[in-house]
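Colleague: This is run12.txt, which holds compact mmCIF, C-alpha atoms:
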```
# COMPACT_ATOMS: atom_id res chain seq x y z
CA MET A 134 -36.49 -52.02 4.85
CA GLU A 135 -36.77 -51.51 1.12
CA ASP A 136 -40.11 -49.71 1.56
CA GLN A 137 -38.58 -47.47 4.24
CA GLU A 138 -35.65 -46.56 1.98
CA LEU A 139 -38.02 -45.71 -0.88
CA PHE A 140 -40.06 -43.52 1.46
CA ILE A 141 -36.92 -41.65 2.58
CA GLU A 142 -35.85 -41.12 -1.05
CA GLU A 143 -39.31 -39.77 -1.95
CA GLN A 144 -39.17 -37.34 1.00
CA GLU A 145 -35.75 -36.10 -0.14
CA VAL A 146 -37.09 -35.46 -3.67
CA VAL A 147 -40.06 -33.55 -2.26
CA MET A 148 -37.76 -31.43 -0.08
CA GLU A 149 -35.60 -30.60 -3.12
CA ASP A 150 -38.65 -29.41 -5.09
CA GLN A 151 -39.77 -27.02 -2.36
CA PRO A 152 -38.51 -23.41 -2.51
CA PRO A 153 -35.89 -22.35 0.07
CA PRO A 154 -37.27 -20.65 3.19
CA VAL A 155 -37.51 -16.85 3.15
CA GLN A 156 -34.70 -15.19 5.06
CA VAL A 157 -36.11 -12.90 7.74
CA SER A 158 -34.37 -9.53 8.17
CA GLU A 159 -32.59 -8.52 11.34
CA ASP A 160 -34.55 -7.59 14.43
CA THR A 161 -35.00 -3.79 14.52
CA SER A 162 -36.93 -3.61 17.79
CA ALA A 163 -34.14 -1.68 19.53
CA HIS A 164 -34.23 0.94 16.79
CA TYR A 165 -37.87 1.82 17.56
CA ALA A 166 -37.97 1.28 21.34
CA ASN A 167 -38.32 4.62 23.16
CA ASN A 168 -39.94 6.46 26.07
CA TYR A 169 -41.19 9.45 24.08
CA GLU A 170 -44.64 10.97 24.44
CA TRP A 171 -46.57 13.03 21.91
CA GLU A 172 -49.54 15.34 22.34
CA ASP A 173 -50.82 14.74 18.82
CA LYS A 174 -51.21 11.43 17.05
CA LYS A 175 -49.74 12.95 13.86
CA ASP A 176 -46.46 13.69 15.64
CA ALA A 177 -46.19 10.05 16.74
CA LYS A 178 -46.77 8.84 13.19
CA LEU A 179 -44.26 11.33 11.82
CA TRP A 180 -41.58 10.14 14.23
CA ASP A 181 -42.32 6.50 13.44
CA ARG A 182 -42.11 7.02 9.69
CA SER A 183 -38.89 9.02 9.96
CA GLN A 184 -37.35 6.19 11.96
CA GLY A 185 -38.48 3.71 9.31
CA LEU A 186 -36.81 5.69 6.53
CA LYS A 187 -33.50 5.37 8.36
CA LYS A 188 -33.87 1.58 8.01
CA MET A 189 -35.13 1.75 4.39
CA CYS A 190 -38.63 0.79 5.54
CA ILE A 191 -41.93 2.47 4.69
CA ILE A 192 -44.25 2.36 7.69
CA VAL A 193 -48.01 2.90 7.36
CA GLN A 194 -51.03 2.73 9.64
CA ASN A 195 -53.16 -0.39 9.52
CA LYS A 196 -56.92 -0.63 9.80
CA GLN A 197 -57.02 -1.47 13.52
CA VAL A 198 -57.54 2.10 14.73
CA THR A 199 -59.54 3.26 17.76
CA ASP A 200 -59.78 6.47 19.76
CA LYS A 201 -57.24 5.14 22.26
CA SER A 202 -54.83 3.12 20.15
CA PHE A 203 -53.44 2.53 16.66
CA GLN A 204 -50.82 0.31 15.05
CA MET A 205 -48.06 1.09 12.56
CA VAL A 206 -47.00 -1.70 10.23
CA CYS A 207 -44.75 -2.24 7.22
CA GLU A 208 -46.17 -1.40 3.81
CA CYS A 209 -45.77 -5.08 2.89
CA SER A 210 -48.00 -6.15 5.77
CA GLY A 211 -51.26 -7.98 5.13
CA LYS A 212 -52.56 -9.74 2.05
CA TYR A 213 -53.68 -8.58 -1.37
CA GLU A 214 -57.26 -7.28 -1.47
CA SER A 215 -59.13 -6.43 -4.62
CA HIS A 216 -60.23 -2.79 -4.78
CA TRP A 217 -63.00 -3.58 -7.24
CA LYS A 218 -66.46 -2.54 -6.08
CA LYS A 219 -68.28 -5.34 -4.28
CA GLY A 220 -71.30 -6.81 -6.01
CA SER A 221 -70.19 -5.77 -9.51
CA GLU A 222 -68.86 -7.95 -12.26
CA TYR A 223 -65.10 -7.59 -12.74
CA LYS A 224 -63.61 -8.41 -16.15
CA PRO A 225 -59.82 -8.10 -16.06
CA LYS A 226 -58.05 -6.89 -19.18
CA ILE A 227 -55.26 -9.46 -18.70
CA VAL A 228 -55.97 -13.03 -17.64
CA ARG A 229 -53.55 -14.09 -14.89
CA LYS A 230 -53.06 -17.37 -13.13
CA LYS A 231 -55.15 -17.86 -10.03
CA GLY A 232 -53.41 -16.55 -6.94
CA VAL A 233 -50.74 -14.58 -8.85
CA TYR A 234 -51.00 -10.81 -8.31
CA ASN A 235 -48.74 -7.88 -8.96
CA THR A 236 -48.60 -6.73 -5.34
CA LYS A 237 -46.04 -5.84 -2.68
CA LYS A 238 -48.04 -7.51 0.12
CA THR A 239 -46.04 -10.34 1.73
CA GLY A 240 -47.72 -10.59 5.12
CA CYS A 241 -44.81 -8.83 6.84
CA PRO A 242 -45.06 -9.31 10.66
CA PHE A 243 -43.52 -5.91 11.53
CA ASN A 244 -45.84 -4.11 13.98
CA LEU A 245 -45.62 -1.19 16.42
CA LYS A 246 -48.43 -0.54 18.89
CA PHE A 247 -49.26 2.97 20.17
CA LYS A 248 -51.70 3.90 22.96
CA PHE A 249 -53.20 7.01 24.52
CA ASN A 250 -52.54 7.75 28.20
CA ASP A 251 -55.69 9.14 29.81
CA ASP A 252 -53.81 10.47 32.83
CA ASN A 253 -51.47 12.91 31.10
CA LYS A 254 -53.35 13.03 27.79
CA MET A 255 -50.32 11.91 25.77
CA TRP A 256 -49.62 9.29 23.13
CA TYR A 257 -46.83 6.75 23.68
CA MET A 258 -45.57 3.55 22.09
CA GLU A 259 -46.76 0.65 24.20
CA LYS A 260 -44.51 -2.00 22.65
CA VAL A 261 -42.81 -3.30 19.56
CA VAL A 262 -44.96 -6.30 18.66
CA SER A 263 -42.49 -7.44 16.03
CA GLY A 264 -39.34 -5.82 14.66
CA TYR A 265 -38.75 -8.40 11.92
CA HIS A 266 -39.43 -8.28 8.18
CA ASN A 267 -40.10 -11.33 5.98
CA HIS A 268 -38.87 -9.63 2.81
CA PRO A 269 -35.52 -8.22 1.67
CA ILE A 270 -34.84 -4.61 2.65
CA PRO A 271 -34.23 -2.39 -0.41
CA GLU A 272 -30.88 -0.68 -0.77
CA SER A 273 -32.46 2.58 -1.93
CA LEU A 274 -35.88 4.27 -1.84
CA ILE A 275 -35.36 6.44 -4.93
CA ASN A 276 -38.66 7.08 -6.75
CA HIS A 277 -40.64 5.23 -4.09
CA PRO A 278 -44.24 6.54 -4.02
CA TYR A 279 -43.91 7.61 -0.37
CA SER A 280 -40.28 8.62 0.09
CA ALA A 281 -40.25 10.52 -3.24
CA ARG A 282 -42.99 12.89 -2.09
CA LEU A 283 -42.17 16.58 -2.15
CA ASN A 284 -42.77 18.77 0.88
CA LEU A 285 -44.37 22.21 0.65
CA LEU A 286 -41.06 24.04 0.26
CA GLU A 287 -39.91 21.68 -2.51
CA LYS A 288 -43.25 22.00 -4.32
CA ASP A 289 -42.96 25.79 -4.26
CA LEU A 290 -39.44 25.52 -5.70
CA VAL A 291 -40.64 23.25 -8.53
CA ARG A 292 -43.47 25.62 -9.43
CA VAL A 293 -41.28 28.74 -9.34
CA LEU A 294 -38.64 27.15 -11.56
CA SER A 295 -41.31 25.78 -13.90
CA LYS A 296 -42.63 29.31 -14.42
CA ARG A 297 -39.11 30.33 -15.44
CA CYS A 298 -39.03 27.51 -18.05
CA THR A 299 -36.26 25.66 -16.22
CA ARG A 300 -35.46 22.17 -17.47
CA PRO A 301 -36.80 19.31 -15.28
CA ILE A 302 -33.29 17.90 -14.74
CA ASP A 303 -32.17 21.29 -13.40
CA ILE A 304 -35.27 21.51 -11.18
CA LEU A 305 -34.43 18.09 -9.73
CA SER A 306 -30.88 19.26 -9.03
CA GLY A 307 -32.26 22.30 -7.18
CA VAL A 308 -34.50 20.05 -5.07
CA LYS A 309 -31.52 17.84 -4.18
CA VAL A 310 -29.51 20.90 -3.14
CA LEU A 311 -32.41 22.12 -0.99
CA ASN A 312 -32.90 18.70 0.60
CA PRO A 313 -29.98 16.22 0.19
CA GLN A 314 -32.11 13.41 1.68
CA ASN A 315 -34.76 13.77 -1.03
CA SER A 316 -35.23 10.56 -3.08
CA SER A 317 -37.33 12.00 -5.90
CA SER A 318 -36.68 11.29 -9.57
CA LEU A 319 -37.51 13.03 -12.82
CA ALA A 320 -40.92 11.32 -12.81
CA THR A 321 -41.74 13.13 -9.55
CA ILE A 322 -40.82 16.49 -11.09
CA TYR A 323 -42.90 15.81 -14.20
CA ASN A 324 -45.91 14.79 -12.09
CA GLU A 325 -45.66 17.93 -9.95
CA ARG A 326 -45.39 20.11 -13.07
CA GLU A 327 -48.48 18.41 -14.49
CA LYS A 328 -50.43 19.09 -11.25
CA PHE A 329 -49.36 22.72 -11.34
CA ARG A 330 -50.40 22.99 -14.99
CA LYS A 331 -53.88 21.60 -14.30
CA GLU A 332 -54.37 23.94 -11.35
CA SER A 333 -53.27 27.02 -13.29
CA TRP A 334 -55.31 26.09 -16.38
CA GLU A 335 -58.53 25.82 -14.34
CA GLU A 336 -59.95 23.00 -16.51
CA ARG A 337 -59.32 24.91 -19.74
CA MET A 338 -58.42 22.98 -22.88
CA VAL A 339 -55.15 23.56 -24.75
CA MET A 340 -56.59 26.04 -27.25
CA GLN A 341 -58.60 27.80 -24.56
CA GLN A 342 -55.48 28.18 -22.42
CA LEU A 343 -53.51 29.49 -25.41
CA LEU A 344 -56.10 32.16 -26.16
CA PHE A 345 -56.31 33.01 -22.47
CA LEU A 346 -52.56 33.63 -22.30
CA PHE A 347 -52.67 35.73 -25.48
CA GLU A 348 -55.44 37.84 -24.04
CA GLU A 349 -53.62 38.19 -20.72
CA ALA A 350 -50.46 39.40 -22.49
CA LYS A 351 -52.54 41.75 -24.71
CA TYR A 352 -51.67 40.01 -27.97
CA SER A 353 -53.63 40.78 -31.12
CA THR A 354 -55.32 37.52 -32.07
CA ALA A 355 -57.88 36.23 -34.53
CA TYR A 356 -59.05 32.73 -35.32
CA ASP A 357 -61.63 30.91 -37.39
CA ARG A 358 -63.28 27.50 -36.94
CA ASN A 359 -64.87 24.97 -39.23
CA GLU A 360 -68.20 23.18 -38.88
CA GLU A 361 -66.66 20.63 -36.49
CA ASN A 362 -65.55 23.45 -34.17
CA GLU A 363 -61.89 22.87 -34.99
CA VAL A 364 -59.53 25.84 -35.32
CA GLU A 365 -58.48 26.24 -38.96
CA TYR A 366 -56.78 29.64 -38.78
CA LEU A 367 -54.95 31.31 -35.90
CA PHE A 368 -53.44 34.78 -36.22
CA VAL A 369 -51.10 36.04 -33.46
CA ALA A 370 -49.29 39.39 -33.16
CA ASN A 371 -47.09 40.59 -30.31
CA PRO A 372 -48.02 44.13 -29.15
CA LYS A 373 -44.42 45.35 -29.56
CA CYS A 374 -44.24 43.86 -33.04
CA VAL A 375 -47.43 45.71 -33.93
CA GLN A 376 -45.78 48.99 -32.92
CA PHE A 377 -42.69 48.21 -35.02
CA ALA A 378 -44.90 47.32 -38.00
CA ARG A 379 -46.63 50.71 -37.80
CA PHE A 380 -43.31 52.59 -37.48
CA PHE A 381 -41.59 50.72 -40.35
CA HIS A 382 -44.44 49.93 -42.71
CA GLN A 383 -42.76 50.49 -46.07
CA ILE A 384 -41.29 47.00 -46.69
CA PHE A 385 -42.96 43.74 -45.79
CA PHE A 386 -41.22 40.30 -45.82
CA MET A 387 -43.20 37.07 -45.57
CA ASP A 388 -42.62 33.37 -46.04
CA CYS A 389 -44.55 30.18 -45.34
CA THR A 390 -43.15 27.11 -43.63
CA TYR A 391 -44.68 23.68 -43.12
CA LYS A 392 -44.15 20.48 -41.12
CA THR A 393 -42.68 22.48 -38.24
CA ASN A 394 -45.30 21.59 -35.59
CA LYS A 395 -47.08 18.47 -34.43
CA TYR A 396 -50.34 19.62 -36.06
CA ASN A 397 -48.69 19.79 -39.53
CA MET A 398 -50.22 23.20 -40.11
CA PRO A 399 -48.41 25.68 -42.41
CA ILE A 400 -47.14 28.82 -40.64
CA LEU A 401 -47.14 32.07 -42.58
CA ASN A 402 -44.40 34.13 -40.95
CA PHE A 403 -44.37 37.89 -41.38
CA VAL A 404 -40.73 38.67 -40.60
CA GLY A 405 -40.30 40.77 -37.46
CA GLN A 406 -44.03 41.28 -37.02
CA THR A 407 -46.29 38.28 -36.52
CA PHE A 408 -47.24 34.80 -37.71
CA CYS A 409 -50.36 32.91 -38.67
CA PHE A 410 -51.31 29.21 -38.59
CA LEU A 411 -53.16 28.07 -41.71
CA LYS A 412 -55.05 24.90 -42.54
CA ASP A 413 -53.39 24.75 -45.99
CA GLU A 414 -51.48 26.85 -48.53
CA SER A 415 -54.48 27.75 -50.67
CA LYS A 416 -55.48 31.15 -52.03
CA GLU A 417 -58.29 31.53 -49.52
CA SER A 418 -55.97 30.79 -46.58
CA TYR A 419 -53.39 33.34 -47.68
CA LEU A 420 -56.08 35.94 -48.31
CA TRP A 421 -57.52 35.42 -44.80
CA ALA A 422 -54.08 35.91 -43.23
CA LEU A 423 -53.25 39.04 -45.25
CA GLN A 424 -56.58 40.63 -44.41
CA LYS A 425 -55.85 40.15 -40.69
CA VAL A 426 -52.38 41.66 -41.11
CA LYS A 427 -53.85 44.66 -42.91
CA LEU A 428 -55.93 45.46 -39.81
CA LEU A 429 -52.73 46.13 -37.85
CA TYR A 430 -51.83 49.15 -40.01
CA GLN A 431 -53.35 52.58 -39.90
CA GLU A 432 -55.19 53.88 -42.93
CA GLY A 433 -52.75 55.34 -45.46
CA TYR A 434 -49.72 53.63 -43.85
CA THR A 435 -49.89 50.16 -45.38
CA PRO A 436 -46.82 48.38 -46.88
CA THR A 437 -45.69 49.65 -50.30
CA VAL A 438 -43.23 46.81 -51.09
CA LEU A 439 -43.96 43.13 -50.42
CA ILE A 440 -41.15 40.56 -50.74
CA THR A 441 -41.99 36.86 -50.97
CA ASP A 442 -40.95 33.69 -52.73
CA ASN A 443 -42.50 32.43 -55.96
CA GLU A 444 -45.68 31.14 -54.30
CA GLN A 445 -48.49 31.58 -56.80
CA ALA A 446 -51.31 31.38 -54.24
CA LEU A 447 -49.62 33.98 -52.03
CA MET A 448 -49.02 36.30 -54.99
CA TRP A 449 -52.70 35.98 -55.91
CA ALA A 450 -53.74 36.96 -52.36
CA ILE A 451 -51.34 39.93 -52.31
CA GLN A 452 -52.97 41.49 -55.36
CA ARG A 453 -56.35 41.48 -53.59
CA ALA A 454 -55.26 42.42 -50.04
CA PHE A 455 -52.65 45.06 -51.07
CA PRO A 456 -53.60 46.12 -54.63
CA TYR A 457 -51.39 49.25 -54.62
CA ALA A 458 -48.24 47.61 -53.27
CA ARG A 459 -45.32 46.40 -55.37
CA HIS A 460 -44.37 42.75 -55.22
CA HIS A 461 -40.74 41.54 -55.46
CA LEU A 462 -39.18 38.11 -55.34
CA ARG A 463 -36.36 37.33 -52.95
CA THR A 464 -32.85 37.24 -54.48
CA PHE A 465 -32.36 33.78 -53.06
CA HIS A 466 -35.25 32.36 -55.07
CA ILE A 467 -34.20 34.23 -58.23
CA TRP A 468 -30.73 32.75 -57.99
CA ASN A 469 -32.14 29.24 -57.46
CA ASN A 470 -34.27 29.63 -60.60
CA VAL A 471 -31.27 30.84 -62.63
CA GLN A 472 -29.07 28.04 -61.38
CA THR A 473 -31.70 25.40 -62.12
CA ASN A 474 -32.60 26.64 -65.62
CA CYS A 475 -29.06 27.52 -66.78
CA LYS A 476 -27.78 24.03 -66.05
CA ARG A 477 -29.62 22.84 -69.16
CA ILE A 478 -27.80 25.41 -71.34
CA ILE A 479 -24.31 25.73 -69.83
CA TRP A 480 -23.50 22.15 -69.01
CA PRO A 481 -21.11 21.02 -67.70
CA VAL A 482 -20.03 24.05 -65.69
CA LYS A 483 -17.44 23.99 -62.96
CA LYS A 484 -18.60 24.73 -59.46
CA THR A 485 -16.13 27.60 -59.10
CA GLU A 486 -17.58 29.23 -62.19
CA MET A 487 -21.09 29.00 -60.80
CA GLU A 488 -19.93 30.59 -57.56
CA ARG A 489 -18.35 33.46 -59.53
CA ILE A 490 -21.61 34.04 -61.42
CA LYS A 491 -23.51 34.03 -58.10
CA ASN A 492 -21.21 36.70 -56.67
CA LEU A 493 -21.59 38.83 -59.78
CA LEU A 494 -25.34 38.80 -59.40
CA LEU A 495 -25.00 39.94 -55.81
CA GLU A 496 -22.61 42.74 -56.77
CA ILE A 497 -24.99 44.00 -59.46
```
With the file now loaded, output its structure as structure tokens.
Modeller:
Amino acid sequence: MEDQELFIEEQEVVMEDQPPPVQVSEDTSAHYANNYEWEDKKDAKLWDRSQGLKKMCIIVQNKQVTDKSFQMVCECSGKYESHWKKGSEYKPKIVRKKGVYNTKKTGCPFNLKFKFNDDNKMWYMEKVVSGYHNHPIPESLINHPYSARLNLLEKDLVRVLSKRCTRPIDILSGVKVLNPQNSSSLATIYNEREKFRKESWEERMVMQQLLFLFEEAKYSTAYDRNEENEVEYLFVANPKCVQFARFFHQIFFMDCTYKTNKYNMPILNFVGQTFCFLKDESKESYLWALQKVKLLYQEGYTPTVLITDNEQALMWAIQRAFPYARHHLRTFHIWNNVQTNCKRIIWPVKKTEMERIKNLLLEI
């Protein structure tokens, strides 16, 4: 008796250690049962998948396909199979425990069987083999790889709005308005935009695509490369800005900015006319840019007054590119120099007094 009681206690402990049984979903056989017939196999699959979406289920075709029959199963049907090429050595990047895989396959028994009727040449569903699922049904299919797909009309909408530089969140809102049942997310919109970009670029690199667009829009461009075939200088001028520069050529403003792009390249901006990317702020870089700007003007109609900041390298390049032009410093930089140097002499000075002196300089 004592041995029997010990055996019963051991069995109870073993039962407690085992995981609870998986709850099987409701039987959905009645949802799929029908007497429909289809001329094309694709129409039968389309109907089956649309019915599955109503029950939050993604239905796919399994491998048991013949000329006269096919089966539609749940996406969780079957077991995990490695897609690595047979006969080759596979070295995983991450070592996992044996038998543990990141997969959705649960061996779901859901199965619908379709056959072809030779008499009337139509496809029909022979029977619902199993309408059960051995996994929980999701509450939503948002961003699911299948349900989040865009149809042809939605893809055209995404591409048209992308050409108009519409924000992705606004594109997604437009898709939802067009199709309220769409379950796409922002990731779907970004992926579609990336596909459209690759198709329109035609395997061109970033710089090649940039030059292609400049040439297509009839921009005036010039660039120079180093020994490693990297672009060091890039000069760009809008055709309308070139016309304005030739009409109003007397005064020329320019300034250089830096750390304003991901390439950390200085940008020499010619106000109202054009701009130029430089590898650095050296004398040679400024001289290269000014020589390209000079080509935009007609002979005898070059700038007569150049206004810049107190950049020594730029002033050096101006004397060589425009030797007959007058160079002036911007009032803003003159005032900054006065304010900085006068603090050593008139100190302390009230802030209101400094503002009054600044206004006097502007009035003069």
Colleague: Between A:Met258, A:Val364, A:Ala422, A:Val471, which is the closest to Trp180 of chain A once you count all atoms listed in the file?
Modeller: A:Met258
Colleague: List every protein, DNA or RNA residue with an atom no more than 12 Å from (-48.9, 44.6, -29.6) in the file's coordinates, counting all atoms listed in the file, and format the result as a list in words.
Modeller: Phe347, Glu348, Glu349, Ala350, Lys351, Tyr352, Ser353, Thr354, Val369, Ala370, Asn371, Pro372, Lys373, Cys374, Val375, Gln376, Phe377, Ala378, Arg379, Gln406, Thr407, Leu429 and Tyr430 of chain A
Colleague: Find the distance between atom CA of Glu361 of chain A and atom CA of Met340 of chain A and write it in Å to one decimal.
Modeller: 14.7 Å
Colleague: Interatomic distance between atom CA of Gln431 of chain A and atom CA of Phe403 of chain A?
Modeller: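 Interatomic distance, atom CA of Gln431 of chain A to atom CA of Phe403 of chain A: 17.3 Å.
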Colleague: Counting only C-alpha atoms, what is within 10 Å of Cys190 of chain A, bar same-chain residues fewer than 5 positions away, as an mmCIF file with C-alpha atoms, in the coordinates of the input?
Modeller:
```
data_model
loop_
_atom_site.group_PDB
_atom_site.id
_atom_site.type_symbol
_atom_site.label_atom_id
_atom_site.label_comp_id
_atom_site.auth_asym_id
_atom_site.auth_seq_id
_atom_site.Cartn_x
_atom_site.Cartn_y
_atom_site.Cartn_z
ATOM 1 C CA ARG A 182 -42.110 7.020 9.690
ATOM 2 C CA SER A 183 -38.890 9.020 9.960
ATOM 3 C CA GLN A 184 -37.350 6.190 11.960
ATOM 4 C CA GLY A 185 -38.480 3.710 9.310
ATOM 5 C CA VAL A 206 -47.000 -1.700 10.230
ATOM 6 C CA CYS A 207 -44.750 -2.240 7.220
ATOM 7 C CA GLU A 208 -46.170 -1.400 3.810
ATOM 8 C CA CYS A 209 -45.770 -5.080 2.890
ATOM 9 C CA HIS A 266 -39.430 -8.280 8.180
ATOM 10 C CA ILE A 270 -34.840 -4.610 2.650
ATOM 11 C CA PRO A 271 -34.230 -2.390 -0.410
ATOM 12 C CA SER A 273 -32.460 2.580 -1.930
ATOM 13 C CA LEU A 274 -35.880 4.270 -1.840
ATOM 14 C CA SER A 280 -40.280 8.620 0.090
#
```
